[in-house]
Amino acid sequence: MQDSTTGPIGRTGADETGARSHTRSGWGNFSYTTRVTAAFAFIAAMTALVAIGVVSFVWEQHFQTYTRANMESLAKKTADNIATNYEKIGAFDAQTLAPAEYVVSVTPGIGVQVATNGAGGIREIVFDSTQVAVEDAHEGAANQNLLGNNIPSLAPQKNDTNMETANIVVTDKDTDVDKVVGSVSVYVLGSDTLLRTSDEEFRNKSYQAMLFAAAMAILLASCIGFLFARNLVRPINRMTTTAKAIKEGDLSARTDLHGEDEIARLGETFDAMADSVEKDRELERRLTTDVAHELRTPLMAIQSTVEAMVDGVFEADAEHLETVNSEVQRLSRLVDSLLKLSRLESRSTPMKEEVVDVGQLIAGIIATHDAFVADSGLTLEYAADDGVLVLGDADMIRQATANLISNAVRYTPEGGRVSVSVRRGDLMASIAVRDTGIGLSPEETKMVFSRFWRADAGRNRESGGLGIGLAVVKEIVDRHGGWVKVEGQRDEGACFTINIPLYDEAKNLKLRQQKPQRTTKAPKEKQQKSRPKGRK
């Protein structure tokens with residue numbers, strides 16, 4: 001039977017584990033630290049790619065414009081220098097073309113071509129650094145500057161976008177009119193964008209530097225992401241470890257997280273929850289111990305008495321039957337107390353709403369408890385204001401006050417005094433029960449309304465009670481919209497004060513007048529609320 005019951009449960013747990021493992025696939029299989037590190041690296045890579053793209057655009061647009069402007073300026077300056085020499089000499093000879101030769105010698109990778117405007121608009125090349133290089137390579141001719149149009153040239157075609165051209169303009173001495181006698185074209189050997197070798201090297205080095213910087217940024221972002229994720233996950237892992245420890249039964253485990261950030265506040269909340277769970281579990285242990293003890297004592301007394309009568313040791317007379325009856329009544333009171341507290345906490349018992357004169361109600365309780373208090377060797381005092389009215393359940397208020405008086409009598413030694421007073425405040429009615437008993441410490445005042453808590457855990461049922469009475473008092477007062485105040489010092493006594501809102505006749509009259517207008521079901525609800533009074 002046991003195997004057949006636990007088997008499916010085990011298979012179900014395995015199926016659930018398998019289902020969870022199937023749902024966590026791909027990115028979800030990595031740890032949080034890995035995912036954060038990868039995210040940082042991805043962001044750094046995307047930033048680097050965007051930066052490289054922007055720089056590439058700048059290179060293609062602005063830097064090429066800059067180099068073209070340089071080539072244009074070089075061509076214009078060379079043309080001006082040749083024009084100056086031409087005005088002095090009047091012909092394109094080696095001395096006139098010296099500026100072009102100088103540009104070629106001081107600027108590696110630059111090609112210069114000088115052409116004249118011949119008769120009939122025919123363009124004649126008089127200097128070509130590329131043609132000279134060809135002649136030097138194939139024919140060994142030295143310094144061939146003035147060349148014809150039939151010699152091959154590596155220069156781009158005229159008016160091509162990869163060549164910058166400037167006109168050679170001179171002033172006619174006779175007519176004082178400017179005229180164009182030729183042109184100077186500047187180009188870069190082997191380049192279609194007028195980028196010299198140094199410019200291309202600079203561009204390539206820049207790209208390499210950007211790639212290196214991108215790699216370093218990705219590496220640095222990954223390290224920062226790893227450290228950030230590890231520091232972020234550390235308190236989460238601590239909370240996970242603490243939760244597992246609590247799950248395994250170590251209720252004293254705590255995260256010990258403190259700080260102002262969200263995770264620290266979560267850790268503090270988690271520790272507060274763990275404290276509450278530990279206290280509740282301790283109360284449950286005490287409940288189990290107290291209830292077991294309280295049930296065992298009368299049951300053992302009943303069992304021993306009945307067995308003795310069955311065995312003939314005791315006679316089944318009135319005396320022994322009274323012993324059994326007293327223990328049965330003790331069990332009944334215990335079960336009734338537990339059931340009453342459970343009903344109050346679950347709000348299953350309806351609360352009757354009626355106007356109660358607190359002074360007269362408490363006076364009746366004092367009259368019934370006077371002999372009980374006197375038999376305990378104590379003095380009972382009572383004082384009340386007139387006309388203290390509240391809206392509530394008279395039976396519940398009577399029970400709460402009786403519990404406080406019984407508690408005061410139980411913890412006050414012989415010769416002491418118990419004082420009960422009813423006072424009317426501005427908004428609240430107060431019922432104070434003060435004693436000269438053992439008192440309470442500040443720590444005990446915080447726990448006094450906990451279920452099955454007693455000021456002295458060593459007391460038994462006869463002297464210390466089960467620890468339900470004050471919990472019942474708190475539940476009753478809470479249902480009336482009030483609160484209970486506790487004051488006391490060790491060995492100086494304690495004072496419990498019940499505060500309940502005063503009855504406001506004008507306010508309640510207005511509410512009664514509005515009830516029929518809200519819904520037609522009000523009379524039925526009123527009848528249902530009045531049924532317990534009829535059963536009573």
# chains A, B, ... in the order shown; residues from 1 in each chain; ligands from 1
$ residues_around --residues "A:Thr242" --least-positions-apart "4" --cutoff "8 Å" --atoms "only C-alpha atoms" --output "PyMOL selection string"
chain A and resi 238+246+253-255
$ residues_around --residues "A:Tyr411" --least-positions-apart "4" --cutoff "7 Å" --atoms "only C-alpha atoms" --output "MDAnalysis selection string"
chainID A and resid 407 437:438
$ write_last_selection --atoms "N, CA and C atoms" --output "PDB file, in the first residue's frame"
ATOM      1  N   ASN A 407      -7.093  36.498  34.932  1.00  0.00           N
ATOM      2  CA  ASN A 407      -5.645  36.526  34.742  1.00  0.00           C
ATOM      3  C   ASN A 407      -4.967  37.309  35.863  1.00  0.00           C
ATOM      4  N   GLY A 437       0.408  42.094  41.058  1.00  0.00           N
ATOM      5  CA  GLY A 437       1.021  40.772  40.987  1.00  0.00           C
ATOM      6  C   GLY A 437       2.472  40.790  40.544  1.00  0.00           C
ATOM      7  N   ILE A 438       2.877  39.726  39.826  1.00  0.00           N
ATOM      8  CA  ILE A 438       4.283  39.528  39.472  1.00  0.00           C
ATOM      9  C   ILE A 438       4.731  40.477  38.368  1.00  0.00           C
TER      10      ILE A 438
END
$ select_by_dssp --residues "stretch 175-253 of chain A" --states "strand (DSSP E or B)" --output "JSON, numbers by chain"
{"A": [178, 179, 180, 181, 182, 183, 184, 185, 186, 187, 188]}
$ write_last_selection --atoms "all heavy atoms" --output "PDB file, in the first residue's frame"
ATOM      1  N   ASP A 178      45.146  88.383 -68.435  1.00  0.00           N
ATOM      2  CA  ASP A 178      45.507  87.026 -68.009  1.00  0.00           C
ATOM      3  C   ASP A 178      45.104  86.024 -69.072  1.00  0.00           C
ATOM      4  O   ASP A 178      44.022  86.137 -69.672  1.00  0.00           O
ATOM      5  CB  ASP A 178      44.802  86.677 -66.693  1.00  0.00           C
ATOM      6  CG  ASP A 178      45.309  87.534 -65.542  1.00  0.00           C
ATOM      7  OD1 ASP A 178      46.426  88.064 -65.657  1.00  0.00           O
ATOM      8  OD2 ASP A 178      44.560  87.663 -64.537  1.00  0.00           O
ATOM      9  N   LYS A 179      45.985  85.054 -69.272  1.00  0.00           N
ATOM     10  CA  LYS A 179      45.662  83.982 -70.216  1.00  0.00           C
ATOM     11  C   LYS A 179      46.191  82.662 -69.663  1.00  0.00           C
ATOM     12  O   LYS A 179      47.157  82.619 -68.907  1.00  0.00           O
ATOM     13  CB  LYS A 179      46.248  84.260 -71.579  1.00  0.00           C
ATOM     14  CG  LYS A 179      47.773  84.291 -71.609  1.00  0.00           C
ATOM     15  CD  LYS A 179      48.283  84.535 -73.040  1.00  0.00           C
ATOM     16  CE  LYS A 179      49.819  84.561 -73.068  1.00  0.00           C
ATOM     17  NZ  LYS A 179      50.325  84.759 -74.448  1.00  0.00           N
ATOM     18  N   VAL A 180      45.500  81.585 -70.080  1.00  0.00           N
ATOM     19  CA  VAL A 180      45.854  80.240 -69.632  1.00  0.00           C
ATOM     20  C   VAL A 180      46.816  79.654 -70.644  1.00  0.00           C
ATOM     21  O   VAL A 180      46.475  79.508 -71.832  1.00  0.00           O
ATOM     22  CB  VAL A 180      44.612  79.360 -69.491  1.00  0.00           C
ATOM     23  CG1 VAL A 180      45.009  77.950 -69.078  1.00  0.00           C
ATOM     24  CG2 VAL A 180      43.654  79.959 -68.469  1.00  0.00           C
ATOM     25  N   VAL A 181      48.005  79.331 -70.207  1.00  0.00           N
ATOM     26  CA  VAL A 181      49.011  78.771 -71.123  1.00  0.00           C
ATOM     27  C   VAL A 181      49.179  77.280 -70.919  1.00  0.00           C
ATOM     28  O   VAL A 181      49.888  76.625 -71.705  1.00  0.00           O
ATOM     29  CB  VAL A 181      50.367  79.479 -70.919  1.00  0.00           C
ATOM     30  CG1 VAL A 181      50.268  80.953 -71.265  1.00  0.00           C
ATOM     31  CG2 VAL A 181      50.856  79.297 -69.478  1.00  0.00           C
ATOM     32  N   GLY A 182      48.567  76.712 -69.842  1.00  0.00           N
ATOM     33  CA  GLY A 182      48.689  75.280 -69.598  1.00  0.00           C
ATOM     34  C   GLY A 182      47.970  74.894 -68.320  1.00  0.00           C
ATOM     35  O   GLY A 182      47.190  75.673 -67.739  1.00  0.00           O
ATOM     36  N   SER A 183      48.243  73.685 -67.904  1.00  0.00           N
ATOM     37  CA  SER A 183      47.598  73.175 -66.680  1.00  0.00           C
ATOM     38  C   SER A 183      48.529  72.205 -65.969  1.00  0.00           C
ATOM     39  O   SER A 183      49.395  71.586 -66.593  1.00  0.00           O
ATOM     40  CB  SER A 183      46.277  72.472 -67.017  1.00  0.00           C
ATOM     41  OG  SER A 183      46.526  71.341 -67.826  1.00  0.00           O
ATOM     42  N   VAL A 184      48.330  72.120 -64.663  1.00  0.00           N
ATOM     43  CA  VAL A 184      49.077  71.178 -63.821  1.00  0.00           C
ATOM     44  C   VAL A 184      48.071  70.201 -63.215  1.00  0.00           C
ATOM     45  O   VAL A 184      47.099  70.621 -62.572  1.00  0.00           O
ATOM     46  CB  VAL A 184      49.854  71.906 -62.710  1.00  0.00           C
ATOM     47  CG1 VAL A 184      50.535  70.883 -61.795  1.00  0.00           C
ATOM     48  CG2 VAL A 184      50.876  72.843 -63.304  1.00  0.00           C
ATOM     49  N   SER A 185      48.308  68.915 -63.403  1.00  0.00           N
ATOM     50  CA  SER A 185      47.440  67.873 -62.842  1.00  0.00           C
ATOM     51  C   SER A 185      48.232  67.075 -61.813  1.00  0.00           C
ATOM     52  O   SER A 185      49.378  66.669 -62.082  1.00  0.00           O
ATOM     53  CB  SER A 185      46.920  66.947 -63.941  1.00  0.00           C
ATOM     54  OG  SER A 185      46.144  67.676 -64.875  1.00  0.00           O
ATOM     55  N   VAL A 186      47.629  66.883 -60.658  1.00  0.00           N
ATOM     56  CA  VAL A 186      48.257  66.126 -59.566  1.00  0.00           C
ATOM     57  C   VAL A 186      47.394  64.915 -59.267  1.00  0.00           C
ATOM     58  O   VAL A 186      46.158  65.033 -59.167  1.00  0.00           O
ATOM     59  CB  VAL A 186      48.420  67.003 -58.306  1.00  0.00           C
ATOM     60  CG1 VAL A 186      49.054  66.194 -57.184  1.00  0.00           C
ATOM     61  CG2 VAL A 186      49.252  68.236 -58.612  1.00  0.00           C
ATOM     62  N   TYR A 187      48.022  63.776 -59.105  1.00  0.00           N
ATOM     63  CA  TYR A 187      47.305  62.537 -58.795  1.00  0.00           C
ATOM     64  C   TYR A 187      48.189  61.670 -57.923  1.00  0.00           C
ATOM     65  O   TYR A 187      49.389  61.947 -57.723  1.00  0.00           O
ATOM     66  CB  TYR A 187      46.925  61.806 -60.094  1.00  0.00           C
ATOM     67  CG  TYR A 187      48.077  61.572 -61.036  1.00  0.00           C
ATOM     68  CD1 TYR A 187      48.828  60.402 -60.958  1.00  0.00           C
ATOM     69  CD2 TYR A 187      48.415  62.527 -62.008  1.00  0.00           C
ATOM     70  CE1 TYR A 187      49.901  60.203 -61.821  1.00  0.00           C
ATOM     71  CE2 TYR A 187      49.474  62.338 -62.859  1.00  0.00           C
ATOM     72  CZ  TYR A 187      50.217  61.166 -62.774  1.00  0.00           C
ATOM     73  OH  TYR A 187      51.275  60.969 -63.606  1.00  0.00           O
ATOM     74  N   VAL A 188      47.587  60.635 -57.378  1.00  0.00           N
ATOM     75  CA  VAL A 188      48.293  59.695 -56.503  1.00  0.00           C
ATOM     76  C   VAL A 188      48.447  58.384 -57.242  1.00  0.00           C
ATOM     77  O   VAL A 188      47.469  57.842 -57.771  1.00  0.00           O
ATOM     78  CB  VAL A 188      47.547  59.483 -55.169  1.00  0.00           C
ATOM     79  CG1 VAL A 188      48.284  58.468 -54.304  1.00  0.00           C
ATOM     80  CG2 VAL A 188      47.407  60.808 -54.438  1.00  0.00           C
TER      81      VAL A 188
END
$ residues_around --residues "A:Ala44" --least-positions-apart "5" --cutoff "10 Å" --atoms "only C-alpha atoms" --output "PyMOL selection string"
chain A and resi 38-39+49-50+214-222
$ residues_around --residues "A:Ala432" --least-positions-apart "4" --cutoff "10 Å" --atoms "only C-alpha atoms" --output "mmCIF file with N, CA, C and O atoms, in the first residue's frame"
data_model
loop_
_atom_site.group_PDB
_atom_site.id
_atom_site.type_symbol
_atom_site.label_atom_id
_atom_site.label_comp_id
_atom_site.auth_asym_id
_atom_site.auth_seq_id
_atom_site.Cartn_x
_atom_site.Cartn_y
_atom_site.Cartn_z
ATOM 1 N N TYR A 382 -13.584 48.607 42.387
ATOM 2 C CA TYR A 382 -14.237 48.935 41.121
ATOM 3 C C TYR A 382 -14.690 50.391 41.136
ATOM 4 O O TYR A 382 -15.231 50.884 42.130
ATOM 5 N N ALA A 383 -14.447 51.084 39.999
ATOM 6 C CA ALA A 383 -14.898 52.471 39.830
ATOM 7 C C ALA A 383 -15.269 52.665 38.369
ATOM 8 O O ALA A 383 -14.597 52.129 37.474
ATOM 9 N N THR A 401 -13.474 40.947 29.671
ATOM 10 C CA THR A 401 -13.193 41.516 31.000
ATOM 11 C C THR A 401 -12.999 40.409 32.032
ATOM 12 O O THR A 401 -12.106 40.492 32.892
ATOM 13 N N LEU A 404 -9.547 39.013 31.795
ATOM 14 C CA LEU A 404 -8.527 39.869 32.394
ATOM 15 C C LEU A 404 -8.559 39.784 33.924
ATOM 16 O O LEU A 404 -7.504 39.766 34.571
ATOM 17 N N ILE A 405 -9.758 39.754 34.506
ATOM 18 C CA ILE A 405 -9.851 39.641 35.972
ATOM 19 C C ILE A 405 -9.286 38.299 36.431
ATOM 20 O O ILE A 405 -8.511 38.224 37.403
ATOM 21 N N SER A 419 -7.811 46.033 40.762
ATOM 22 C CA SER A 419 -8.653 47.213 40.571
ATOM 23 C C SER A 419 -9.201 47.211 39.154
ATOM 24 O O SER A 419 -8.455 47.011 38.185
ATOM 25 N N VAL A 420 -10.514 47.444 39.046
ATOM 26 C CA VAL A 420 -11.187 47.515 37.748
ATOM 27 C C VAL A 420 -11.826 48.887 37.631
ATOM 28 O O VAL A 420 -12.512 49.346 38.567
ATOM 29 N N SER A 421 -11.617 49.559 36.484
ATOM 30 C CA SER A 421 -12.193 50.888 36.297
ATOM 31 C C SER A 421 -12.724 51.016 34.869
ATOM 32 O O SER A 421 -12.189 50.420 33.934
ATOM 33 N N VAL A 422 -13.803 51.799 34.757
ATOM 34 C CA VAL A 422 -14.400 52.101 33.455
ATOM 35 C C VAL A 422 -14.376 53.611 33.293
ATOM 36 O O VAL A 422 -14.913 54.341 34.135
ATOM 37 N N ARG A 423 -13.739 54.089 32.190
ATOM 38 C CA ARG A 423 -13.606 55.526 31.978
ATOM 39 C C ARG A 423 -14.104 55.887 30.583
ATOM 40 O O ARG A 423 -14.057 55.098 29.644
ATOM 41 N N VAL A 484 -5.909 46.837 22.764
ATOM 42 C CA VAL A 484 -5.595 46.552 24.164
ATOM 43 C C VAL A 484 -4.207 47.101 24.466
ATOM 44 O O VAL A 484 -3.251 46.831 23.731
ATOM 45 N N LYS A 485 -4.090 47.870 25.521
ATOM 46 C CA LYS A 485 -2.814 48.437 25.951
ATOM 47 C C LYS A 485 -2.318 47.699 27.183
ATOM 48 O O LYS A 485 -3.090 47.417 28.102
ATOM 49 N N VAL A 486 -1.016 47.381 27.198
ATOM 50 C CA VAL A 486 -0.414 46.642 28.306
ATOM 51 C C VAL A 486 0.665 47.500 28.937
ATOM 52 O O VAL A 486 1.537 48.030 28.234
ATOM 53 N N CYS A 495 -1.117 46.288 34.139
ATOM 54 C CA CYS A 495 -2.404 46.920 33.863
ATOM 55 C C CYS A 495 -2.763 46.646 32.405
ATOM 56 O O CYS A 495 -2.006 47.009 31.499
ATOM 57 N N PHE A 496 -3.919 46.024 32.188
ATOM 58 C CA PHE A 496 -4.456 45.772 30.853
ATOM 59 C C PHE A 496 -5.642 46.707 30.645
ATOM 60 O O PHE A 496 -6.583 46.719 31.452
ATOM 61 N N THR A 497 -5.597 47.484 29.553
ATOM 62 C CA THR A 497 -6.653 48.449 29.278
ATOM 63 C C THR A 497 -7.283 48.157 27.925
ATOM 64 O O THR A 497 -6.602 48.174 26.893
ATOM 65 N N ILE A 498 -8.577 47.866 27.944
ATOM 66 C CA ILE A 498 -9.335 47.652 26.713
ATOM 67 C C ILE A 498 -9.900 48.985 26.247
ATOM 68 O O ILE A 498 -10.523 49.714 27.029
ATOM 69 N N ASN A 499 -9.668 49.326 24.985
ATOM 70 C CA ASN A 499 -10.189 50.563 24.403
ATOM 71 C C ASN A 499 -11.150 50.215 23.271
ATOM 72 O O ASN A 499 -10.770 49.536 22.309
#
$ residues_around --residues "A:Thr34" --least-positions-apart "4" --cutoff "10 Å" --atoms "only C-alpha atoms" --output "MDAnalysis selection string"
chainID A and resid 27 29:30 38:40 222 225:226 229:230
$ atom_distance --atom1 "atom CA of A:Pro99" --atom2 "atom CA of A:Ala79"
8.4 Å
$ atom_distance --atom1 "atom CA of A:Asn325" --atom2 "atom CA of A:Arg286"
27.3 Å
$ atom_distance --atom1 "atom CA of A:Thr130" --atom2 "atom CA of A:Leu154"
5.7 Å
$ residues_around --residues "A:Ala274" --least-positions-apart "4" --cutoff "9 Å" --atoms "only C-alpha atoms" --output "VMD selection string"
chain A and resid 243 246 251 to 254 269 to 270 278 to 279
$ select_by_dssp --residues "stretch 238-281 of chain A" --states "helix (DSSP H, G or I)" --output "number ranges by chain"
A: 238-247, 262-281
$ closest_residue --among "A:Lys88, A:Leu194, A:Ile43, A:Ser129" --to "A:Ser105" --atoms "only C-alpha atoms"
A:Ser129
$ closest_residue --among "A:Thr240, A:Gly359, A:Phe228, A:Asp311" --to "A:Arg35" --atoms "only C-alpha atoms"
A:Phe228
$ closest_residue --among "A:Thr65, A:Asp336, A:Pro235, A:Ser73" --to "A:Gly259" --atoms "only C-alpha atoms"
A:Pro235
$ residues_around --residues "A:Leu211" --least-positions-apart "5" --cutoff "9 Å" --atoms "only C-alpha atoms" --output "PyMOL selection string"
chain A and resi 48+52+206+216
$ write_last_selection --atoms "all heavy atoms" --output "CSV table (one decimal), in the first residue's frame"
chain,number,residue,atom,x,y,z
A,48,ALA,N,31.1,49.4,-29.9
A,48,ALA,CA,32.3,49.5,-30.8
A,48,ALA,C,32.0,49.5,-32.3
A,48,ALA,O,32.5,50.2,-33.1
A,48,ALA,CB,33.3,48.3,-30.4
A,52,ILE,N,32.9,52.3,-34.9
A,52,ILE,CA,33.6,52.0,-36.1
A,52,ILE,C,32.9,52.5,-37.3
A,52,ILE,O,33.4,53.0,-38.3
A,52,ILE,CB,34.0,50.6,-36.2
A,52,ILE,CG1,35.0,50.2,-35.0
A,52,ILE,CG2,34.6,50.2,-37.5
A,52,ILE,CD1,35.3,48.7,-34.9
A,206,SER,N,44.5,53.6,-38.0
A,206,SER,CA,43.3,54.0,-37.2
A,206,SER,C,42.3,52.9,-37.1
A,206,SER,O,41.8,52.7,-36.0
A,206,SER,CB,42.7,55.3,-37.9
A,206,SER,OG,43.6,56.3,-38.0
A,216,MET,N,39.5,45.6,-26.4
A,216,MET,CA,39.7,45.9,-25.1
A,216,MET,C,38.5,46.3,-24.3
A,216,MET,O,38.3,46.0,-23.2
A,216,MET,CB,40.8,47.0,-25.0
A,216,MET,CG,42.2,46.6,-25.4
A,216,MET,SD,42.9,45.3,-24.4
A,216,MET,CE,42.9,46.1,-22.8
